[in-house]
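Trainee: Here you go, this is query.txt (compact mmCIF, C-alpha atoms).
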```txt
# COMPACT_ATOMS: atom_id res chain seq x y z
CA MET A 227 90.97 29.18 84.88
CA PHE A 228 88.23 30.75 82.74
CA LEU A 229 86.61 32.48 85.71
CA PHE A 230 90.01 33.66 86.92
CA CYS A 231 90.69 35.26 83.53
CA VAL A 232 87.34 37.03 83.70
CA PHE A 233 88.19 38.17 87.21
CA VAL A 234 91.51 39.67 86.15
CA HIS A 235 89.92 41.30 83.10
CA ASP A 236 87.24 42.87 85.29
CA LEU A 237 89.55 44.46 87.82
CA ARG A 238 89.88 48.18 87.27
CA LEU A 239 92.31 48.77 90.07
CA LEU A 240 95.54 46.99 89.27
CA GLY A 241 97.01 48.62 92.33
CA VAL A 242 94.69 46.60 94.54
CA LEU A 243 95.56 43.40 92.71
CA SER A 244 99.26 44.14 92.99
CA GLU A 245 98.89 44.79 96.71
CA PHE A 246 97.16 41.44 97.22
CA LEU A 247 99.79 39.57 95.20
CA TRP A 248 102.61 41.33 97.05
CA MET A 249 101.08 40.36 100.39
CA TRP A 250 101.14 36.72 99.32
CA ALA A 251 104.62 36.98 97.84
CA ILE A 252 103.42 36.16 94.34
CA PRO A 253 105.50 37.89 91.65
CA THR A 254 103.56 39.87 89.09
CA ARG A 255 104.52 41.67 85.94
CA PHE A 256 102.06 44.43 86.91
CA SER A 257 104.01 45.42 90.02
CA PRO A 258 106.63 47.71 88.42
CA ARG A 259 103.85 49.75 86.78
CA ILE A 260 102.06 50.55 90.03
CA ILE A 261 103.04 53.97 91.28
CA LEU A 262 100.33 54.58 93.89
CA PRO A 263 101.62 54.52 97.50
CA LYS A 264 100.47 51.66 99.66
CA GLN A 265 98.14 53.84 101.73
CA ALA A 266 96.37 55.06 98.59
CA ARG A 267 95.90 51.53 97.34
CA VAL A 268 94.40 50.40 100.64
CA ALA A 269 92.13 53.46 100.75
CA THR A 270 90.95 52.79 97.20
CA PHE A 271 90.27 49.16 98.10
CA PHE A 272 88.06 50.07 101.06
CA GLN A 273 86.35 52.84 99.10
CA HIS A 274 85.24 50.41 96.41
CA PHE A 275 84.46 47.46 98.67
CA PHE A 276 82.40 49.33 101.24
CA ALA A 277 80.72 51.96 99.08
CA THR A 278 77.24 53.19 99.95
CA PRO A 279 74.90 53.05 96.93
CA VAL A 280 74.01 56.34 95.24
CA LEU A 281 70.32 57.18 95.66
CA VAL A 282 68.98 59.61 93.06
CA CYS A 283 65.48 60.87 93.81
CA SER A 284 63.46 63.70 95.32
CA ASP A 285 64.09 64.68 98.93
CA ALA A 286 60.69 63.42 100.04
CA PHE A 287 61.12 60.01 98.36
CA ARG A 288 64.61 59.77 99.89
CA VAL A 289 63.25 60.37 103.40
CA PHE A 290 60.59 57.68 102.89
CA LEU A 291 63.11 55.12 101.64
CA GLN A 292 65.69 55.79 104.33
CA ARG A 293 63.01 55.46 107.00
CA HIS A 294 61.16 52.39 105.74
CA CYS A 295 63.75 50.73 103.45
CA PRO A 296 67.05 51.28 105.30
CA VAL A 297 69.05 48.97 103.04
CA VAL A 298 69.26 51.85 100.52
CA ALA A 299 71.68 53.63 102.88
CA GLU A 300 73.75 50.58 103.79
CA PRO A 301 77.13 49.95 102.12
CA PHE A 302 77.10 47.11 99.63
CA SER A 303 80.21 44.98 99.99
CA PRO A 304 80.51 42.44 97.16
CA THR A 305 81.96 38.99 97.71
CA PRO A 306 85.76 39.61 97.97
CA TRP A 307 86.66 36.92 95.46
CA CYS A 308 83.82 37.93 93.14
CA TRP A 309 83.65 41.69 92.91
CA GLY A 310 83.75 42.38 89.17
CA GLY A 311 80.51 42.85 87.26
CA ARG A 312 81.04 39.91 84.93
CA LEU A 313 81.97 37.55 87.75
CA GLN A 314 79.01 38.65 89.85
CA THR A 315 76.76 37.94 86.88
CA LEU A 316 78.26 34.53 86.14
CA VAL A 317 78.72 33.20 89.66
CA ARG A 318 75.17 34.03 90.70
CA VAL A 319 73.88 31.52 88.15
CA LEU A 320 76.26 28.84 89.40
CA ILE A 321 76.15 29.25 93.16
CA LYS A 322 72.89 30.89 94.27
CA SER A 323 70.57 28.65 96.28
CA SER A 324 67.04 27.77 95.20
CA PRO A 325 64.50 28.13 98.04
CA GLN A 326 61.73 25.56 98.03
CA VAL A 327 58.62 27.02 96.42
CA ASP A 328 55.44 25.12 95.52
CA TYR A 329 53.50 26.83 92.77
CA ARG A 330 49.92 26.54 91.65
CA ASN A 331 49.80 26.95 87.89
CA GLU A 332 47.05 28.75 86.04
CA LEU A 333 46.66 29.18 82.30
CA ILE A 334 44.69 32.20 81.13
CA ARG A 335 43.60 32.95 77.59
CA THR A 336 44.40 36.08 75.61
CA ALA A 337 42.36 38.04 73.09
CA ASP A 338 44.28 36.54 70.16
CA GLY A 339 43.56 32.97 71.29
CA GLY A 340 46.89 32.42 73.00
CA GLN A 341 47.58 31.47 76.59
CA ILE A 342 49.72 32.79 79.44
CA SER A 343 51.15 30.67 82.24
CA LEU A 344 50.88 32.13 85.73
CA ASP A 345 52.53 30.50 88.75
CA TRP A 346 50.86 31.37 92.06
CA VAL A 347 51.87 31.08 95.69
CA ASP A 348 48.60 31.80 97.49
CA ASN A 349 50.14 31.80 100.98
CA GLY A 350 46.92 30.60 102.55
CA ASP A 351 48.64 30.16 105.93
CA SER A 352 49.51 33.85 106.14
CA ALA A 353 49.17 34.98 109.74
CA ALA A 354 49.61 38.65 108.85
CA TYR A 355 46.86 38.58 106.19
CA PRO A 356 44.54 35.64 106.91
CA GLU A 357 41.78 37.00 104.66
CA CYS A 358 42.42 35.95 101.07
CA TYR A 359 40.47 38.81 99.51
CA SER A 360 42.66 41.54 101.06
CA ARG A 361 46.07 39.81 101.08
CA PRO A 362 48.64 42.01 99.28
CA THR A 363 49.86 40.53 96.01
CA VAL A 364 53.27 40.78 94.39
CA LEU A 365 53.43 40.33 90.61
CA ILE A 366 56.89 39.16 89.48
CA LEU A 367 58.21 39.49 85.91
CA PRO A 368 61.34 37.38 85.17
CA GLY A 369 64.09 38.36 82.76
CA LEU A 370 64.84 37.33 79.18
CA THR A 371 64.37 33.54 78.77
CA GLY A 372 63.56 33.37 82.51
CA ASN A 373 60.60 31.85 84.32
CA SER A 374 59.32 31.14 87.81
CA ARG A 375 62.16 28.71 88.53
CA GLN A 376 64.97 31.25 88.31
CA THR A 377 66.88 31.60 91.58
CA TYR A 378 66.21 35.33 91.82
CA VAL A 379 62.48 34.68 91.42
CA LEU A 380 62.50 31.98 94.10
CA HIS A 381 64.30 34.28 96.53
CA ALA A 382 61.81 37.07 95.79
CA VAL A 383 58.91 34.72 96.44
CA SER A 384 60.55 33.64 99.69
CA GLN A 385 60.95 37.27 100.78
CA ALA A 386 57.31 38.04 99.98
CA THR A 387 55.67 34.96 101.48
CA ARG A 388 57.52 35.21 104.77
CA ARG A 389 55.94 38.66 105.13
CA GLY A 390 52.51 37.20 104.51
CA TYR A 391 51.98 38.29 100.89
CA ARG A 392 50.64 36.40 97.90
CA CYS A 393 52.83 36.04 94.79
CA VAL A 394 52.12 35.47 91.13
CA VAL A 395 54.84 34.99 88.52
CA PHE A 396 54.05 36.08 84.97
CA ASN A 397 55.87 33.68 82.62
CA ASN A 398 56.37 35.13 79.15
CA ARG A 399 54.67 33.19 76.39
CA GLY A 400 56.58 30.08 75.47
CA PHE A 401 58.82 30.11 78.56
CA GLY A 402 56.50 28.84 81.27
CA GLY A 403 56.32 25.26 80.02
CA GLU A 404 53.05 25.83 78.16
CA GLU A 405 52.44 25.27 74.48
CA LEU A 406 52.02 28.18 72.09
CA LEU A 407 48.47 28.24 70.78
CA THR A 408 49.14 31.15 68.42
CA PRO A 409 52.31 32.24 66.57
CA VAL A 410 53.04 35.02 69.08
CA THR A 411 55.68 35.18 71.81
CA PHE A 412 56.77 38.38 73.57
CA CYS A 413 59.00 41.42 73.43
CA ALA A 414 59.97 44.23 75.81
CA ALA A 415 57.86 46.82 73.97
CA ASP A 416 54.60 44.85 73.79
CA THR A 417 52.68 45.28 77.06
CA SER A 418 49.43 43.63 75.95
CA ASP A 419 50.03 40.36 77.81
CA LEU A 420 51.02 42.20 80.98
CA GLU A 421 47.88 44.32 80.72
CA ARG A 422 45.87 41.11 80.48
CA VAL A 423 47.61 39.67 83.56
CA VAL A 424 47.17 42.78 85.71
CA LEU A 425 43.48 42.94 84.78
CA HIS A 426 43.05 39.25 85.62
CA VAL A 427 44.72 39.54 89.03
CA ARG A 428 42.73 42.63 89.94
CA GLU A 429 39.48 40.96 88.90
CA LEU A 430 40.30 38.01 91.17
CA PHE A 431 41.29 40.18 94.14
CA PRO A 432 39.85 43.67 93.66
CA GLN A 433 40.43 44.63 97.32
CA ALA A 434 44.03 43.42 97.51
CA PRO A 435 46.82 45.91 96.79
CA LEU A 436 49.01 44.85 93.87
CA LEU A 437 52.70 45.66 93.43
CA GLY A 438 54.75 44.88 90.32
CA THR A 439 58.42 43.95 90.22
CA GLY A 440 60.51 43.18 87.15
CA VAL A 441 64.01 41.86 86.65
CA SER A 442 66.11 42.72 83.57
CA LEU A 443 63.78 42.46 80.55
CA GLY A 444 60.89 41.95 82.98
CA GLY A 445 61.74 45.35 84.44
CA MET A 446 61.77 46.92 81.00
CA LEU A 447 58.35 45.46 80.32
CA LEU A 448 57.03 46.72 83.65
CA LEU A 449 58.34 50.26 83.06
CA ASN A 450 56.88 50.34 79.56
CA TYR A 451 53.56 49.18 80.98
CA LEU A 452 53.60 51.85 83.71
CA ALA A 453 54.40 54.53 81.14
CA ARG A 454 51.63 53.33 78.83
CA LYS A 455 48.92 53.06 81.49
CA GLY A 456 49.85 56.04 83.66
CA SER A 457 47.35 56.53 86.50
CA GLU A 458 45.37 53.49 85.30
CA ALA A 459 48.21 51.02 85.90
CA GLY A 460 46.43 49.40 88.85
CA LEU A 461 49.63 49.02 90.90
CA VAL A 462 50.52 50.64 94.22
CA ALA A 463 54.22 50.71 93.28
CA GLY A 464 56.86 49.27 90.97
CA LEU A 465 60.31 47.83 91.62
CA THR A 466 62.86 47.07 88.90
CA MET A 467 66.25 45.40 89.15
CA SER A 468 69.06 45.34 86.57
CA VAL A 469 67.01 47.02 83.85
CA SER A 470 68.60 47.86 80.51
CA TRP A 471 67.50 51.45 80.08
CA ASP A 472 68.75 52.03 76.54
CA THR A 473 68.53 48.91 74.40
CA LEU A 474 70.99 50.17 71.81
CA GLU A 475 73.59 50.94 74.46
CA SER A 476 73.00 47.57 76.07
CA CYS A 477 73.54 45.81 72.76
CA ALA A 478 76.75 47.76 72.18
CA SER A 479 78.00 46.71 75.62
CA LEU A 480 77.11 43.06 75.05
CA GLU A 481 78.91 43.13 71.70
CA GLN A 482 82.23 43.97 73.28
CA PRO A 483 84.52 40.96 72.71
CA ILE A 484 84.51 39.43 76.18
CA ASN A 485 80.82 40.15 76.79
CA ARG A 486 79.97 38.69 73.41
CA LEU A 487 81.85 35.52 74.30
CA ILE A 488 80.49 35.12 77.83
CA PHE A 489 76.91 36.43 77.64
CA ASN A 490 75.70 37.37 74.18
CA ARG A 491 76.15 34.06 72.40
CA HIS A 492 74.68 32.14 75.35
CA LEU A 493 71.53 34.27 75.51
CA ALA A 494 71.09 34.14 71.74
CA SER A 495 71.41 30.37 71.90
CA ASN A 496 68.73 30.13 74.60
CA LEU A 497 66.39 32.29 72.53
CA CYS A 498 66.97 30.13 69.47
CA GLN A 499 66.26 27.00 71.48
CA ALA A 500 62.91 28.43 72.53
CA ILE A 501 62.04 29.24 68.93
CA ASN A 502 63.03 25.74 67.83
CA ARG A 503 60.89 24.26 70.61
CA HIS A 504 57.84 26.00 69.15
CA ARG A 505 58.94 25.62 65.57
CA LYS A 506 55.73 24.20 64.16
CA MET A 507 53.68 27.12 65.39
CA LEU A 508 56.16 29.88 64.53
CA GLU A 509 57.30 28.76 61.08
CA THR A 510 54.03 30.10 59.67
CA VAL A 511 55.13 33.70 60.35
CA VAL A 512 58.95 33.71 60.35
CA ASP A 513 61.83 31.91 58.62
CA VAL A 514 62.79 29.68 61.55
CA ASP A 515 65.91 28.30 59.88
CA HIS A 516 67.17 31.84 59.34
CA VAL A 517 66.38 32.77 62.95
CA LEU A 518 68.26 29.76 64.29
CA LYS A 519 71.46 30.96 62.65
CA ALA A 520 71.51 34.06 64.89
CA ARG A 521 74.62 34.23 67.05
CA THR A 522 73.91 37.44 68.94
CA ILE A 523 70.87 39.05 70.52
CA ARG A 524 70.90 41.78 67.87
CA GLU A 525 70.89 39.20 65.06
CA PHE A 526 68.02 37.39 66.80
CA ASP A 527 66.02 40.61 67.13
CA GLU A 528 66.69 41.49 63.49
CA ARG A 529 65.52 38.10 62.25
CA TYR A 530 62.74 37.36 64.71
CA THR A 531 61.52 40.01 67.19
CA SER A 532 61.30 42.97 64.83
CA VAL A 533 59.63 40.78 62.18
CA MET A 534 57.20 39.13 64.61
CA PHE A 535 55.99 42.43 66.05
CA GLY A 536 55.88 44.39 62.80
CA TYR A 537 58.76 46.85 63.24
CA LYS A 538 60.41 48.30 60.16
CA SER A 539 63.83 47.56 61.58
CA CYS A 540 65.59 46.29 64.66
CA LEU A 541 66.54 49.90 65.42
CA ASP A 542 62.86 50.88 65.54
CA TYR A 543 62.18 48.03 67.94
CA TYR A 544 65.08 48.98 70.22
CA GLN A 545 63.93 52.57 70.38
CA GLU A 546 60.41 51.50 71.31
CA ALA A 547 61.63 48.96 73.88
CA SER A 548 63.91 51.38 75.74
CA PRO A 549 62.15 52.63 78.90
CA ASN A 550 64.51 55.53 79.70
CA TYR A 551 62.70 58.31 77.86
CA LYS A 552 59.26 57.07 78.96
CA LEU A 553 59.78 57.60 82.68
CA PRO A 554 58.01 61.00 82.72
CA ARG A 555 54.78 59.24 81.69
CA THR A 556 54.75 57.07 84.82
CA THR A 557 52.74 58.06 87.88
CA VAL A 558 53.17 55.29 90.47
CA PRO A 559 56.17 55.18 92.84
CA ILE A 560 59.06 53.27 91.27
CA LEU A 561 62.36 52.15 92.82
CA CYS A 562 65.02 51.08 90.29
CA LEU A 563 68.16 49.15 91.29
CA ASN A 564 71.18 49.10 88.96
CA ALA A 565 74.89 48.34 89.32
CA ALA A 566 77.50 50.61 87.78
CA ASP A 567 79.43 47.55 86.56
CA ASP A 568 76.48 45.77 84.94
CA PRO A 569 77.71 44.44 81.56
CA PHE A 570 74.12 44.48 80.27
CA SER A 571 73.32 48.06 81.28
CA PRO A 572 76.25 50.52 81.01
CA LYS A 573 76.27 53.22 83.66
CA HIS A 574 76.38 56.10 81.17
CA ALA A 575 72.90 55.05 80.00
CA LEU A 576 71.29 55.27 83.44
CA PRO A 577 68.51 57.91 83.58
CA VAL A 578 70.13 59.96 86.35
CA ALA A 579 68.91 63.34 85.11
CA LEU A 580 65.31 62.13 84.87
CA ALA A 581 65.38 60.54 88.33
CA LYS A 582 66.54 63.85 89.78
CA ARG A 583 63.46 65.70 88.61
CA LEU A 584 60.70 63.08 88.76
CA PRO A 585 59.00 62.90 92.18
CA ASN A 586 57.87 59.27 91.78
CA VAL A 587 61.14 57.70 90.60
CA ALA A 588 64.13 56.64 92.72
CA LEU A 589 67.29 55.30 91.08
CA LEU A 590 69.58 53.30 93.37
CA VAL A 591 73.05 52.62 91.91
CA THR A 592 75.65 50.36 93.53
CA SER A 593 79.33 50.41 92.53
CA HIS A 594 79.33 46.63 92.08
CA GLY A 595 76.77 43.87 91.63
CA GLY A 596 76.85 43.05 87.93
CA HIS A 597 73.63 41.92 86.26
CA ILE A 598 71.22 40.41 88.82
CA GLY A 599 74.27 39.48 90.91
CA TYR A 600 74.66 41.48 94.13
CA LEU A 601 76.55 38.64 95.81
CA GLU A 602 78.01 39.35 99.24
CA GLY A 603 79.77 37.31 101.90
CA LEU A 604 82.44 34.66 101.40
CA TYR A 605 79.98 31.97 100.27
CA PRO A 606 77.08 33.89 98.70
CA ARG A 607 74.48 31.17 98.24
CA GLY A 608 71.69 32.64 100.31
CA GLU A 609 69.96 35.98 100.69
CA GLY A 610 71.80 38.89 99.07
CA TYR A 611 71.54 42.65 98.79
CA MET A 612 68.98 42.58 95.97
CA ASP A 613 66.78 40.17 97.93
CA ARG A 614 66.85 42.35 101.06
CA LEU A 615 66.03 45.45 99.03
CA PHE A 616 63.10 43.66 97.44
CA GLY A 617 61.74 42.50 100.80
CA GLN A 618 62.08 45.87 102.51
CA PHE A 619 60.60 47.89 99.66
CA ILE A 620 57.51 45.75 99.11
CA GLN A 621 56.84 45.80 102.85
CA ALA A 622 57.27 49.59 102.93
CA ALA A 623 54.87 50.00 100.00
CA PHE A 624 52.20 47.74 101.51
CA ASP A 625 52.55 48.95 105.13
CA HIS A 626 52.77 52.67 104.40
CA PRO A 627 50.84 53.35 101.18
CA GLY A 628 49.71 56.81 102.23
CA ASP A 629 53.21 57.93 103.18
CA LEU A 630 54.54 56.58 99.89
CA LYS A 631 51.96 58.44 97.83
CA GLY A 632 52.66 61.61 99.74
CA ALA A 633 56.40 61.27 99.31
CA CYS A 634 55.92 60.88 95.56
CA SER A 635 53.40 63.73 95.31
CA ILE A 636 50.67 61.37 94.14
CA LYS A 637 47.00 62.15 94.75
CA GLU A 638 45.10 59.43 96.59
CA GLU A 639 42.55 58.82 93.81
CA LEU A 640 45.23 58.05 91.22
CA LEU A 641 46.20 54.69 92.73
CA ASP A 642 42.93 53.67 94.38
```
Can the structure from this file be put into structure tokens for me?

Mentor:
Amino acid sequence: MFLFCVFVHDLRLLGVLSEFLWMWAIPTRFSPRIILPKQARVATFFQHFFATPVLVCSDAFRVFLQRHCPVVAEPFSPTPWCWGGRLQTLVRVLIKSSPQVDYRNELIRTADGGQISLDWVDNGDSAAYPECYSRPTVLILPGLTGNSRQTYVLHAVSQATRRGYRCVVFNNRGFGGEELLTPVTFCAADTSDLERVVLHVRELFPQAPLLGTGVSLGGMLLLNYLARKGSEAGLVAGLTMSVSWDTLESCASLEQPINRLIFNRHLASNLCQAINRHRKMLETVVDVDHVLKARTIREFDERYTSVMFGYKSCLDYYQEASPNYKLPRTTVPILCLNAADDPFSPKHALPVALAKRLPNVALLVTSHGGHIGYLEGLYPRGEGYMDRLFGQFIQAAFDHPGDLKGACSIKEELLD
């Protein structure tokens, strides 16, 4: 009943709902209010269910993507019984399968004495790239409170390894199962740990091309890193999915009543649990009891994140964490996937104007998909639209690096 209520709340087109109910002879109090003719309702239904994503980028980048990553031009048809953004977001967590992945864990030390947990899939049996030293590597950054065991990470690893690539998942401090050795965790604006990880991977495999992909907060972190490092990022390309471009706008969206009930309180609770798990280490720098009383992400960031990382206010932190205005500082090719109905990232905050004028950035926007959802088919447990996009883009970037650089007007020496 709860999911059904969310479904009804999410529907924008009551005409479509009325048409369905009429077909099944179910009376509805909405019916007398519908004035659209039947043909218009059916046309609207098909328009929304079989819409081709909007690709915002330069002409050259568009040609490259349509040639080597054809999924960008394919209609995305969400699961018929799960087409609203909130339902897509919720159901993905409940129903998505978990491919079998065997990781090799590595703990690396940081300059402040802390440690970072990396989960590797070496793919030593790769037929396409039998030589370890030159095997392309995909660096994966999970979302807020996520780690290498998230379903979307497992599907990404599956997509990459079947193509012969090596994978490494960067678990944020305190979320990879490791103990905190210093009273420091992570935030979307602090790229120091990611810089350490990229340097470590490139030192291990200096001849292997490295591509970075980030989901949700992981995507924010990746974009902030790319903007900070510019031509010295050490990556051949970047891919982000369900990024929150403007943190203030994202918070405002998540504080809407139904989003606050479904998502905000749950995420805040998960964050508080992580802080409580590392209480002994963190209570030396923050008031843990005060942090644990946070009921929203904004309250958590006011009491913990902004204090931990030395910001004057939560507003200052949110401005620094938002990657939208930093895009012009990036130099590597970046493909960004977002859904117009993502409750975490409202569509009016998408950097459409910037994507239009930056040669190295492509923004792909689907009508539906929610936050890390992109479920399709009647029983959407397996591979979905986001997974196919991931697989096709990383293969395009590794197989055609010269074409990609040329399409994004990037000089060869910048990424070598």

Trainee: List as a PDB file with C-alpha atoms, keeping the file's coordinate frame: which residues have an atom within 8 Å of (58.9, 55.9, 94.4), counting all atoms listed in the file?

Mentor:
```pdb
ATOM      1  CA  PHE A 287      61.120  60.010  98.360  1.00  0.00           C
ATOM      2  CA  ALA A 463      54.220  50.710  93.280  1.00  0.00           C
ATOM      3  CA  GLY A 464      56.860  49.270  90.970  1.00  0.00           C
ATOM      4  CA  VAL A 558      53.170  55.290  90.470  1.00  0.00           C
ATOM      5  CA  PRO A 559      56.170  55.180  92.840  1.00  0.00           C
ATOM      6  CA  ILE A 560      59.060  53.270  91.270  1.00  0.00           C
ATOM      7  CA  LEU A 561      62.360  52.150  92.820  1.00  0.00           C
ATOM      8  CA  PRO A 585      59.000  62.900  92.180  1.00  0.00           C
ATOM      9  CA  ASN A 586      57.870  59.270  91.780  1.00  0.00           C
ATOM     10  CA  VAL A 587      61.140  57.700  90.600  1.00  0.00           C
ATOM     11  CA  ALA A 588      64.130  56.640  92.720  1.00  0.00           C
ATOM     12  CA  LEU A 630      54.540  56.580  99.890  1.00  0.00           C
ATOM     13  CA  ALA A 633      56.400  61.270  99.310  1.00  0.00           C
ATOM     14  CA  CYS A 634      55.920  60.880  95.560  1.00  0.00           C
TER      15      CYS A 634
END
```

Trainee: Quick check, in Å to one decimal: how far apart do CA of Pro569 (chain A) and CA of Phe619 (chain A) lie?

Mentor: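 About the pair CA of Pro569 (chain A) and CA of Phe619 (chain A): they are 25.1 Å apart.
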
Trainee: Out of A:Val511, A:Ile334, A:Val410, A:Leu447, which residue has the shortest atom-to-atom distance to Val423 (chain A) when counting all atoms listed in the file?

Mentor: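 Looking only at the distances to Val423 (chain A), the closest residue turns out to be A:Ile334.
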
Trainee: Wanna dump the region 271-326 of chain A-region 592-609 of chain A contacts at 8 Å for me, each residue with its shortest atom pair and the distance in Å to one decimal, counting all atoms listed in the file, ordered by chain and number, as JSON lines?

Mentor:
```
{"residue": "A:His274", "atom": "CA", "partner": "A:Ser593", "partner_atom": "CA", "distance": 7.1}
{"residue": "A:Ala277", "atom": "CA", "partner": "A:Ser593", "partner_atom": "CA", "distance": 6.9}
{"residue": "A:Thr278", "atom": "CA", "partner": "A:Thr592", "partner_atom": "CA", "distance": 7.2}
{"residue": "A:Pro279", "atom": "CA", "partner": "A:Thr592", "partner_atom": "CA", "distance": 4.4}
{"residue": "A:Val280", "atom": "CA", "partner": "A:Thr592", "partner_atom": "CA", "distance": 6.4}
{"residue": "A:Phe302", "atom": "CA", "partner": "A:Thr592", "partner_atom": "CA", "distance": 7.1}
{"residue": "A:Ser303", "atom": "CA", "partner": "A:Glu602", "partner_atom": "CA", "distance": 6.1}
{"residue": "A:Pro304", "atom": "CA", "partner": "A:Glu602", "partner_atom": "CA", "distance": 4.5}
{"residue": "A:Thr305", "atom": "CA", "partner": "A:Glu602", "partner_atom": "CA", "distance": 4.3}
{"residue": "A:Pro306", "atom": "CA", "partner": "A:Leu604", "partner_atom": "CA", "distance": 6.9}
{"residue": "A:Trp307", "atom": "CA", "partner": "A:Leu604", "partner_atom": "CA", "distance": 7.6}
{"residue": "A:Cys308", "atom": "CA", "partner": "A:Leu601", "partner_atom": "CA", "distance": 7.8}
{"residue": "A:Trp309", "atom": "CA", "partner": "A:His594", "partner_atom": "CA", "distance": 6.6}
{"residue": "A:Gly310", "atom": "CA", "partner": "A:His594", "partner_atom": "CA", "distance": 6.8}
{"residue": "A:Gly311", "atom": "CA", "partner": "A:Gly596", "partner_atom": "CA", "distance": 3.7}
{"residue": "A:Arg312", "atom": "CA", "partner": "A:Gly596", "partner_atom": "CA", "distance": 6.0}
{"residue": "A:Leu313", "atom": "CA", "partner": "A:Gly596", "partner_atom": "CA", "distance": 7.5}
{"residue": "A:Gln314", "atom": "CA", "partner": "A:Gly599", "partner_atom": "CA", "distance": 4.9}
{"residue": "A:Thr315", "atom": "CA", "partner": "A:Gly599", "partner_atom": "CA", "distance": 5.0}
{"residue": "A:Leu316", "atom": "CA", "partner": "A:Gly599", "partner_atom": "CA", "distance": 7.9}
{"residue": "A:Val317", "atom": "CA", "partner": "A:Gly599", "partner_atom": "CA", "distance": 7.8}
{"residue": "A:Arg318", "atom": "CA", "partner": "A:Gly599", "partner_atom": "CA", "distance": 5.5}
{"residue": "A:Ile321", "atom": "CA", "partner": "A:Arg607", "partner_atom": "CA", "distance": 5.7}
{"residue": "A:Lys322", "atom": "CA", "partner": "A:Arg607", "partner_atom": "CA", "distance": 4.3}
{"residue": "A:Ser323", "atom": "CA", "partner": "A:Arg607", "partner_atom": "CA", "distance": 5.0}
```

Trainee: Leaving out Thr408 (chain A) and any residue of its chain fewer than 3 positions from it, which residues lie within 12 Å of it when counting only C-alpha atoms, given as a PyMOL selection string?

Mentor: chain A and resi 335-342+399-400+404-405+411-412+504-511+534

Trainee: Residues as selected, C-alpha atoms, written as a PDB file, in the frame of the given file, can you do that?

Mentor:
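Below is the file out.pdb, written as the result:
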```pdb
ATOM      1  CA  ARG A 335      43.600  32.950  77.590  1.00  0.00           C
ATOM      2  CA  THR A 336      44.400  36.080  75.610  1.00  0.00           C
ATOM      3  CA  ALA A 337      42.360  38.040  73.090  1.00  0.00           C
ATOM      4  CA  ASP A 338      44.280  36.540  70.160  1.00  0.00           C
ATOM      5  CA  GLY A 339      43.560  32.970  71.290  1.00  0.00           C
ATOM      6  CA  GLY A 340      46.890  32.420  73.000  1.00  0.00           C
ATOM      7  CA  GLN A 341      47.580  31.470  76.590  1.00  0.00           C
ATOM      8  CA  ILE A 342      49.720  32.790  79.440  1.00  0.00           C
ATOM      9  CA  ARG A 399      54.670  33.190  76.390  1.00  0.00           C
ATOM     10  CA  GLY A 400      56.580  30.080  75.470  1.00  0.00           C
ATOM     11  CA  GLU A 404      53.050  25.830  78.160  1.00  0.00           C
ATOM     12  CA  GLU A 405      52.440  25.270  74.480  1.00  0.00           C
ATOM     13  CA  THR A 411      55.680  35.180  71.810  1.00  0.00           C
ATOM     14  CA  PHE A 412      56.770  38.380  73.570  1.00  0.00           C
ATOM     15  CA  HIS A 504      57.840  26.000  69.150  1.00  0.00           C
ATOM     16  CA  ARG A 505      58.940  25.620  65.570  1.00  0.00           C
ATOM     17  CA  LYS A 506      55.730  24.200  64.160  1.00  0.00           C
ATOM     18  CA  MET A 507      53.680  27.120  65.390  1.00  0.00           C
ATOM     19  CA  LEU A 508      56.160  29.880  64.530  1.00  0.00           C
ATOM     20  CA  GLU A 509      57.300  28.760  61.080  1.00  0.00           C
ATOM     21  CA  THR A 510      54.030  30.100  59.670  1.00  0.00           C
ATOM     22  CA  VAL A 511      55.130  33.700  60.350  1.00  0.00           C
ATOM     23  CA  MET A 534      57.200  39.130  64.610  1.00  0.00           C
TER      24      MET A 534
END
```

Trainee: Determine the nearest neighbour of Gly403 (chain A) from the options A:His294, A:Arg555, A:His381, A:Arg375, counting only C-alpha atoms.

Mentor: A:Arg375

Trainee: Counting all atoms listed in the file, which residue out of A:Thr387, A:Ser495, A:Ser284, A:Asn485 sits closest to Leu580 (chain A)?

Mentor: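 Result for the nearest residue to Leu580 (chain A): A:Ser284.
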
Trainee: Could you state the separation of CA of Arg288 (chain A) and CA of Gly445 (chain A) in Å, given to one decimal place?

Mentor: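 Between CA of Arg288 (chain A) and CA of Gly445 (chain A) the gap works out to 21.3 Å.
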
Trainee: Here's a test: counting only C-alpha atoms, identify every protein, DNA and RNA residue with an atom at most 12 Å from (59.1, 52.0, 70.8) in the file's coordinate frame, and state them as a PyMOL selection string.

Mentor: chain A and resi 413-417+446-447+450-451+453-454+472-473+532+535-552

Trainee: Counting all atoms listed in the file, figure out which residue out of A:Val533, A:Ala434, A:Ala500, A:Phe489 gets nearest to Arg521 (chain A).

Mentor: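 For Arg521 (chain A), the nearest of the candidates is A:Phe489.
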